[in-house]
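**Student:** Right, I'll just put the structure down here and ask away after.
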Amino acid sequence: MDAYMFIQTEPGLAAHVMGTLVESGSASRAAIVTGEFDVFARIDDVSWDQLEGRVLHGAQRIPGIVRTTTAVVMPMDTFMPGFHVPTLPLRGVPARSEPRIALVFANYNSDLSPDTVRSIAGAKGVLAYAHVSGEYDAIIQVSGRDIKQISGRVGDIRMTAGVESTNTMLVVASTPHVKTKGSRKR
């Protein structure tokens with residue numbers, strides 16, 4: 001399974017935490033984001049026991065981490081048989097001339113349908129989609145050349161039938177993808 005960690009850090013330690021998460025093998029990739037938490041990290045292809053180790057004995061012991069929340073990627077075909085979308089790869093921050101990256105955390109109402117998910121996952125600027133456990137129903141990675149274009153794409157997601165609310169965080173820095181023991185490169 002794959003999972004994501006949402007991490008709050010002590011002031012001024014987000015870059016240290018981001019790098020240490022990947023260097024220690026607690027995460028495959030991490031990014032500093034704007035919003036209610038400071039670092040967003042991806043854990044690739046782990047078992048329940050490995051996830052426990054990476055979160056409880058790895059990430060939560062890194063100096064500077066105040067709080068972590070973990071969301072597990074839920075396989076789409078468990079509630080929408082035959083439906084598949086690529087999971088969120090947590091792409092890095094591109095060069096200044098390339099599009100910018102944002103993470104959109106979405107909650108759905110009871111009107112969620114396969115058509116809603118297909119519409120969001122296939123929308124222009126959407127890089128990837130992950131249905132997750134926890135506070136949010138989905139994490140959607142979008143790109144745009146600037147904040148105005150990202151805002152328009154988030155607005156389109158927000159206006160999609162079945163979307164109840166969204167919370168957007170911009171990726172301001174990221175680590176390169178590092179293949180950790182028990183993970184596969186994406």
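By order in the structure tokens, chains are A, B, ...; within a chain, residues start at 1; ligands start at 1, following the order shown.
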Among stretch 45-80 of chain A, which ones does DSSP assign to strand (DSSP E or B) (computed from the backbone)? Answer as a PyMOL selection string.
**Tutor:** chain A and resi 65-73
**Student:** I need the chosen residues saved as a PDB file, in the first residue's frame, with C-alpha atoms.
**Tutor:**
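Wrote it out as again.pdb, contents follow:
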ATOM      1  CA  ILE A  65       8.189  17.329  14.062  1.00  0.00           C
ATOM      2  CA  VAL A  66       5.282  18.500  16.193  1.00  0.00           C
ATOM      3  CA  ARG A  67       2.441  16.373  14.772  1.00  0.00           C
ATOM      4  CA  THR A  68       1.834  13.823  12.022  1.00  0.00           C
ATOM      5  CA  THR A  69      -1.332  12.569  10.383  1.00  0.00           C
ATOM      6  CA  THR A  70      -1.195   9.609   8.014  1.00  0.00           C
ATOM      7  CA  ALA A  71      -3.616   8.851   5.171  1.00  0.00           C
ATOM      8  CA  VAL A  72      -3.542   5.504   3.370  1.00  0.00           C
ATOM      9  CA  VAL A  73      -4.301   5.368  -0.356  1.00  0.00           C
TER      10      VAL A  73
END
**Student:** Quick one: residues within 8 Å of A:Gly125, only C-alpha atoms counted, chain neighbours fewer than 3 positions away excluded, as a ChimeraX atom specification?
**Tutor:** /A:142-144,153
**Student:** Atom CA of A:Val126 and atom CA of A:Thr20, how far apart in Å?
**Tutor:** 28.7 Å
**Student:** Would you kindly return, as a PyMOL selection string, each protein, DNA or RNA residue with an atom no farther than 6 Å from any atom of stretch 101-113 of chain A, considering only C-alpha atoms and excluding same-chain residues fewer than 6 positions away?
**Tutor:** chain A and resi 136-143+162-171
**Student:** Stretch 108-184 of chain A: which residues are helix (DSSP H, G or I) by DSSP, as an mmCIF file with N, CA and C atoms, in the first residue's frame?
**Tutor:**
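Below is the file that was written, result09.cif:
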data_model
loop_
_atom_site.group_PDB
_atom_site.id
_atom_site.type_symbol
_atom_site.label_atom_id
_atom_site.label_comp_id
_atom_site.auth_asym_id
_atom_site.auth_seq_id
_atom_site.Cartn_x
_atom_site.Cartn_y
_atom_site.Cartn_z
ATOM 1 N N PRO A 114 -18.563 7.362 -10.139
ATOM 2 C CA PRO A 114 -17.391 7.146 -10.996
ATOM 3 C C PRO A 114 -17.206 8.268 -12.014
ATOM 4 N N ASP A 115 -18.319 8.833 -12.507
ATOM 5 C CA ASP A 115 -18.209 9.937 -13.466
ATOM 6 C C ASP A 115 -17.561 11.166 -12.832
ATOM 7 N N THR A 116 -17.867 11.432 -11.554
ATOM 8 C CA THR A 116 -17.243 12.557 -10.856
ATOM 9 C C THR A 116 -15.740 12.349 -10.767
ATOM 10 N N VAL A 117 -15.336 11.157 -10.341
ATOM 11 C CA VAL A 117 -13.913 10.869 -10.201
ATOM 12 C C VAL A 117 -13.226 10.934 -11.559
ATOM 13 N N ARG A 118 -13.838 10.369 -12.603
ATOM 14 C CA ARG A 118 -13.262 10.427 -13.952
ATOM 15 C C ARG A 118 -13.124 11.876 -14.422
ATOM 16 N N SER A 119 -14.137 12.681 -14.140
ATOM 17 C CA SER A 119 -14.118 14.084 -14.544
ATOM 18 C C SER A 119 -12.966 14.821 -13.875
ATOM 19 N N ILE A 120 -12.777 14.602 -12.585
ATOM 20 C CA ILE A 120 -11.704 15.276 -11.856
ATOM 21 C C ILE A 120 -10.343 14.738 -12.298
ATOM 22 N N ALA A 121 -10.192 13.420 -12.315
ATOM 23 C CA ALA A 121 -8.890 12.818 -12.639
ATOM 24 C C ALA A 121 -8.454 13.141 -14.065
ATOM 25 N N ILE A 147 -0.254 31.099 -10.232
ATOM 26 C CA ILE A 147 -1.312 30.953 -9.231
ATOM 27 C C ILE A 147 -2.703 31.171 -9.836
ATOM 28 N N LYS A 148 -2.808 32.048 -10.813
ATOM 29 C CA LYS A 148 -4.105 32.303 -11.447
ATOM 30 C C LYS A 148 -4.611 31.046 -12.165
ATOM 31 N N GLN A 149 -3.740 30.386 -12.905
ATOM 32 C CA GLN A 149 -4.157 29.176 -13.610
ATOM 33 C C GLN A 149 -4.477 28.051 -12.629
ATOM 34 N N ILE A 150 -3.665 27.904 -11.588
ATOM 35 C CA ILE A 150 -3.956 26.893 -10.568
ATOM 36 C C ILE A 150 -5.295 27.187 -9.909
ATOM 37 N N SER A 151 -5.550 28.444 -9.587
ATOM 38 C CA SER A 151 -6.811 28.835 -8.968
ATOM 39 C C SER A 151 -7.999 28.472 -9.859
ATOM 40 N N GLY A 152 -7.872 28.685 -11.158
ATOM 41 C CA GLY A 152 -8.941 28.313 -12.087
ATOM 42 C C GLY A 152 -9.187 26.814 -12.105
ATOM 43 N N ARG A 153 -8.111 26.048 -12.069
ATOM 44 C CA ARG A 153 -8.253 24.587 -12.084
ATOM 45 C C ARG A 153 -8.872 24.082 -10.785
ATOM 46 N N VAL A 154 -8.486 24.688 -9.675
ATOM 47 C CA VAL A 154 -9.100 24.325 -8.389
ATOM 48 C C VAL A 154 -10.583 24.706 -8.396
ATOM 49 N N GLY A 155 -10.900 25.858 -8.963
ATOM 50 C CA GLY A 155 -12.304 26.272 -9.084
ATOM 51 C C GLY A 155 -13.121 25.280 -9.880
ATOM 52 N N ASP A 156 -12.538 24.750 -10.958
ATOM 53 C CA ASP A 156 -13.230 23.735 -11.764
ATOM 54 C C ASP A 156 -13.491 22.477 -10.936
ATOM 55 N N ILE A 157 -12.505 22.067 -10.145
ATOM 56 C CA ILE A 157 -12.696 20.886 -9.279
ATOM 57 C C ILE A 157 -13.795 21.174 -8.264
ATOM 58 N N ARG A 158 -13.740 22.330 -7.648
ATOM 59 C CA ARG A 158 -14.718 22.695 -6.618
ATOM 60 C C ARG A 158 -16.145 22.712 -7.166
#
**Student:** Would you kindly return, as a compact mmCIF listing (two decimals) with C-alpha atoms, in the first residue's frame, each protein, DNA or RNA residue with an atom no farther than 6 Å from any atom of A:Ala27, considering only C-alpha atoms and excluding same-chain residues fewer than 6 positions away?
**Tutor:**
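To be explicit, this is the file written out as result_20.txt:
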# COMPACT_ATOMS: atom_id res chain seq x y z
CA LEU A 21 12.30 12.16 6.23
CA ARG A 42 4.81 10.03 0.39
CA ILE A 43 5.50 6.49 1.58
**Student:** Would you list the contacts of A:Met74 as a list in words, taking every protein, DNA or RNA residue within 8 Å and counting only C-alpha atoms, but skipping same-chain residues closer than 4 positions in sequence?
**Tutor:**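 Contacts, with the query itself left out: Thr78, Ala130, His131, Val132 and Ser133 of chain A.
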**Student:** Convert the current residue selection to file output with N, CA and C atoms, as a PDB file, in the first residue's frame.
**Tutor:**
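Final output, saved to again-v5.pdb:
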ATOM      1  N   THR A  78     -11.950  -0.970  -5.023  1.00  0.00           N
ATOM      2  CA  THR A  78     -12.675  -1.576  -3.905  1.00  0.00           C
ATOM      3  C   THR A  78     -14.082  -1.020  -3.779  1.00  0.00           C
ATOM      4  N   ALA A 130      -5.595  10.562  -5.829  1.00  0.00           N
ATOM      5  CA  ALA A 130      -5.552   9.450  -4.869  1.00  0.00           C
ATOM      6  C   ALA A 130      -6.749   9.553  -3.942  1.00  0.00           C
ATOM      7  N   HIS A 131      -7.492   8.471  -3.831  1.00  0.00           N
ATOM      8  CA  HIS A 131      -8.581   8.387  -2.859  1.00  0.00           C
ATOM      9  C   HIS A 131      -7.941   7.888  -1.568  1.00  0.00           C
ATOM     10  N   VAL A 132      -8.145   8.607  -0.449  1.00  0.00           N
ATOM     11  CA  VAL A 132      -7.410   8.299   0.773  1.00  0.00           C
ATOM     12  C   VAL A 132      -8.322   8.151   1.988  1.00  0.00           C
ATOM     13  N   SER A 133      -7.773   7.512   3.023  1.00  0.00           N
ATOM     14  CA  SER A 133      -8.449   7.421   4.301  1.00  0.00           C
ATOM     15  C   SER A 133      -8.201   8.712   5.069  1.00  0.00           C
TER      16      SER A 133
END
**Student:** What is the atom CA of A:Gln50-atom CA of A:Asp2 distance in Å, reported with one decimal?
**Tutor:**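 Spanning atom CA of A:Gln50 to atom CA of A:Asp2 is a straight-line distance of 10.8 Å.
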**Student:** Please list as a list in words every residue within 10 Å of A:His16, counting only C-alpha atoms and excluding residues in the same chain fewer than 2 positions away.
**Tutor:**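 That gives Thr9, Gly12, Leu13, Ala14, Met18, Gly19, Thr20, Leu21, Ile62, Pro63, Gly64 and Ile65 of chain A.
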**Student:** Save the residues we just selected, N, CA and C atoms, as a PDB file, in the first residue's frame?
**Tutor:**
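Full text of out.pdb as output:
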ATOM      1  N   THR A   9       5.572  21.134  11.707  1.00  0.00           N
ATOM      2  CA  THR A   9       6.925  21.225  12.250  1.00  0.00           C
ATOM      3  C   THR A   9       7.059  22.444  13.164  1.00  0.00           C
ATOM      4  N   GLY A  12      10.622  27.164  11.330  1.00  0.00           N
ATOM      5  CA  GLY A  12      11.962  27.192  10.766  1.00  0.00           C
ATOM      6  C   GLY A  12      12.593  25.834  10.503  1.00  0.00           C
ATOM      7  N   LEU A  13      11.880  24.744  10.807  1.00  0.00           N
ATOM      8  CA  LEU A  13      12.480  23.419  10.648  1.00  0.00           C
ATOM      9  C   LEU A  13      11.863  22.579   9.525  1.00  0.00           C
ATOM     10  N   ALA A  14      11.018  23.165   8.714  1.00  0.00           N
ATOM     11  CA  ALA A  14      10.357  22.397   7.650  1.00  0.00           C
ATOM     12  C   ALA A  14      11.371  21.805   6.663  1.00  0.00           C
ATOM     13  N   MET A  18      11.866  17.882   6.044  1.00  0.00           N
ATOM     14  CA  MET A  18      11.655  17.348   4.700  1.00  0.00           C
ATOM     15  C   MET A  18      12.847  16.486   4.276  1.00  0.00           C
ATOM     16  N   GLY A  19      14.049  17.002   4.430  1.00  0.00           N
ATOM     17  CA  GLY A  19      15.236  16.254   4.030  1.00  0.00           C
ATOM     18  C   GLY A  19      15.476  15.022   4.880  1.00  0.00           C
ATOM     19  N   THR A  20      15.286  15.145   6.182  1.00  0.00           N
ATOM     20  CA  THR A  20      15.524  14.031   7.091  1.00  0.00           C
ATOM     21  C   THR A  20      14.537  12.889   6.858  1.00  0.00           C
ATOM     22  N   LEU A  21      13.295  13.202   6.525  1.00  0.00           N
ATOM     23  CA  LEU A  21      12.303  12.159   6.228  1.00  0.00           C
ATOM     24  C   LEU A  21      12.795  11.225   5.135  1.00  0.00           C
ATOM     25  N   ILE A  62      11.790  12.272  14.478  1.00  0.00           N
ATOM     26  CA  ILE A  62      12.651  13.273  13.849  1.00  0.00           C
ATOM     27  C   ILE A  62      12.504  14.592  14.608  1.00  0.00           C
ATOM     28  N   PRO A  63      13.620  15.157  15.085  1.00  0.00           N
ATOM     29  CA  PRO A  63      13.549  16.445  15.786  1.00  0.00           C
ATOM     30  C   PRO A  63      12.912  17.516  14.896  1.00  0.00           C
ATOM     31  N   GLY A  64      12.018  18.278  15.478  1.00  0.00           N
ATOM     32  CA  GLY A  64      11.341  19.345  14.748  1.00  0.00           C
ATOM     33  C   GLY A  64       9.928  18.997  14.337  1.00  0.00           C
ATOM     34  N   ILE A  65       9.561  17.712  14.400  1.00  0.00           N
ATOM     35  CA  ILE A  65       8.189  17.329  14.062  1.00  0.00           C
ATOM     36  C   ILE A  65       7.309  17.504  15.293  1.00  0.00           C
TER      37      ILE A  65
END
**Student:** Mind giving me the straight-line distance from atom CA of A:Thr34 to atom CA of A:Met159 in Å, one decimal?
**Tutor:**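 Here the two named atoms are 22.5 Å from each other.
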**Student:** Can you work out which one of A:Ile32, A:Ala123, A:Ile7, A:Val172 has the shortest atom-to-atom distance to A:Thr160, counting only C-alpha atoms?
**Tutor:** A:Ala123
**Student:** Using only C-alpha atoms, which residue out of A:Ser26, A:Ala173, A:Pro99, A:Tyr129 lies closest to A:Asp38?
**Tutor:**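 With only C-alpha atoms as the atom set, the closest residue is A:Ala173.
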